[in-house]
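Participant: Submitted below is the structure of interest, expressed as structure tokens.
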Amino acid sequence: MAQRLLLRRFLTSVIPRKLPPGRWTPPTSTTLPTPQCSPGGLTPSSPARTVFTTRVCSTTFNIQDGPDFQDRVVNSETPVVVDFHAQWCGPCKILGPRLEKMVAKQHGKVVMAKVDIDDHTDLAIEYEVSAVPTVLAIKNGDVVDKFVGIKDEDQLEAFLKKLIG
């Protein structure tokens, strides 16, 4: 008990409860200087540092609700591959990443929408999804192709080529 009292007294003497007006200043951003190295050093002698970034291309997205599906899939000018899946579905966990990889290889000619049937039962019923994984190819708002189950990469590539045209 005595230790708590001593600690409390010490902290209140060191840390004021209220800052006096005008004493608080927001933190400022400072740039650390780049160390200059000698030619014999282990780090480059150039003061400039290079930062490499990659462009993130969002070819895959999750559907949030019915209006989101209407806006991003049905009204899309780009052909859309729609993956109806479920978290509990083993084959979906195999097909999903494989399909995402194949769509990414198309460099924006096609995009992929992921629909969790447990969250969006209405969409699954509307598009007559009776088993998962079910993949639809939608172009100009119309379903032009469909498959159910797992496909290998060659079959997925043929499916995408047929969609793109």
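Letters for chains follow the order of the structure tokens (A, B, ...), residue numbers begin at 1 for each chain, and ligand numbers begin at 1 in the order shown.
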Using only C-alpha atoms, which protein or nucleic acid residues come within 9 Å of range 93-103 of chain A? Drop anything in the same chain fewer than 5 positions from it, and give the result as a list in words.

Facilitator: Thr59, Thr60, Val81, Asp83, His85, Ala86, Gln87, Trp88, Gly108, Lys109, Val110, Val111, Met112, Lys114, Pro133, Gly149, Ile150, Lys151, Asp152, Glu153, Leu156, Glu157 and Leu160 of chain A

Participant: Please report the interatomic distance between CA of Asp65 in chain A and CA of Leu123 in chain A in Å with one decimal.

Facilitator: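 We find that CA of Asp65 in chain A and CA of Leu123 in chain A lie 8.8 Å from each other.
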
Participant: Have a look at CA of Cys89 in chain A and CA of Phe147 in chain A and let me know their distance in Å, one decimal.

Facilitator: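 Between these atoms lies a distance of 16.0 Å.
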
Participant: At a cut-off of 10 Å, using only C-alpha atoms, what residues contact Val74 in chain A? Leave out same-chain residues fewer than 5 positions from it and give the result as number ranges by chain.

Facilitator: A: 67-69, 79-80, 138-143

Participant: Got time to write the residues from that selection, N, CA and C atoms, as a PDB file, in the first residue's frame?

Facilitator:
```
ATOM      1  N   PRO A  67     -27.287  -4.784 -54.332  1.00  0.00           N
ATOM      2  CA  PRO A  67     -26.974  -3.614 -55.163  1.00  0.00           C
ATOM      3  C   PRO A  67     -25.499  -3.579 -55.599  1.00  0.00           C
ATOM      4  N   ASP A  68     -24.600  -4.057 -54.743  1.00  0.00           N
ATOM      5  CA  ASP A  68     -23.184  -4.125 -55.108  1.00  0.00           C
ATOM      6  C   ASP A  68     -22.986  -5.102 -56.262  1.00  0.00           C
ATOM      7  N   PHE A  69     -23.689  -6.236 -56.213  1.00  0.00           N
ATOM      8  CA  PHE A  69     -23.621  -7.221 -57.303  1.00  0.00           C
ATOM      9  C   PHE A  69     -24.150  -6.608 -58.596  1.00  0.00           C
ATOM     10  N   PRO A  79     -15.991  -8.285 -68.823  1.00  0.00           N
ATOM     11  CA  PRO A  79     -16.546  -9.594 -68.477  1.00  0.00           C
ATOM     12  C   PRO A  79     -16.186  -9.972 -67.034  1.00  0.00           C
ATOM     13  N   VAL A  80     -17.109 -10.643 -66.356  1.00  0.00           N
ATOM     14  CA  VAL A  80     -16.928 -10.975 -64.940  1.00  0.00           C
ATOM     15  C   VAL A  80     -17.089 -12.480 -64.725  1.00  0.00           C
ATOM     16  N   ILE A 138     -20.173 -13.957 -66.788  1.00  0.00           N
ATOM     17  CA  ILE A 138     -21.180 -12.952 -67.106  1.00  0.00           C
ATOM     18  C   ILE A 138     -20.571 -11.882 -68.000  1.00  0.00           C
ATOM     19  N   LYS A 139     -21.238 -11.668 -69.123  1.00  0.00           N
ATOM     20  CA  LYS A 139     -20.773 -10.666 -70.091  1.00  0.00           C
ATOM     21  C   LYS A 139     -21.971  -9.817 -70.483  1.00  0.00           C
ATOM     22  N   ASN A 140     -21.837  -8.503 -70.341  1.00  0.00           N
ATOM     23  CA  ASN A 140     -22.917  -7.555 -70.640  1.00  0.00           C
ATOM     24  C   ASN A 140     -24.194  -7.884 -69.854  1.00  0.00           C
ATOM     25  N   GLY A 141     -24.030  -8.359 -68.620  1.00  0.00           N
ATOM     26  CA  GLY A 141     -25.172  -8.631 -67.756  1.00  0.00           C
ATOM     27  C   GLY A 141     -25.824  -9.987 -67.958  1.00  0.00           C
ATOM     28  N   ASP A 142     -25.356 -10.762 -68.939  1.00  0.00           N
ATOM     29  CA  ASP A 142     -25.954 -12.064 -69.223  1.00  0.00           C
ATOM     30  C   ASP A 142     -24.984 -13.195 -68.863  1.00  0.00           C
ATOM     31  N   VAL A 143     -25.540 -14.292 -68.340  1.00  0.00           N
ATOM     32  CA  VAL A 143     -24.724 -15.476 -68.055  1.00  0.00           C
ATOM     33  C   VAL A 143     -24.454 -16.169 -69.382  1.00  0.00           C
TER      34      VAL A 143
END
```

Participant: Smallest atom-to-atom distance to Val148 in chain A: which of A:Cys92, A:His120, A:Val135, A:His107, using only C-alpha atoms?

Facilitator: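 Ranked by minimum distance to Val148 in chain A, first place goes to A:Val135.
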
Participant: For Pro91 in chain A, which residue among A:Val132, A:Asn75, A:Tyr127, A:Asp119 is the nearest when counting only C-alpha atoms?

Facilitator: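 Selected residue with least distance to Pro91 in chain A: A:Val132.
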
Participant: Would you please give, as a PyMOL selection string, all residues of range 70-140 of chain A that DSSP assigns to alpha helix (DSSP H) based on the backbone?

Facilitator: chain A and resi 90-104+121-126

Participant: Pick the closest to Leu163 in chain A from A:Asp116, A:Val82, A:Glu126, A:Thr121: which is it, counting only C-alpha atoms?

Facilitator: A:Val82

Participant: For a test of reading the model, state the distance in Å between CA of Val73 in chain A and CA of Ala104 in chain A, rounded to one decimal.

Facilitator: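 Between these atoms lies a distance of 16.9 Å.
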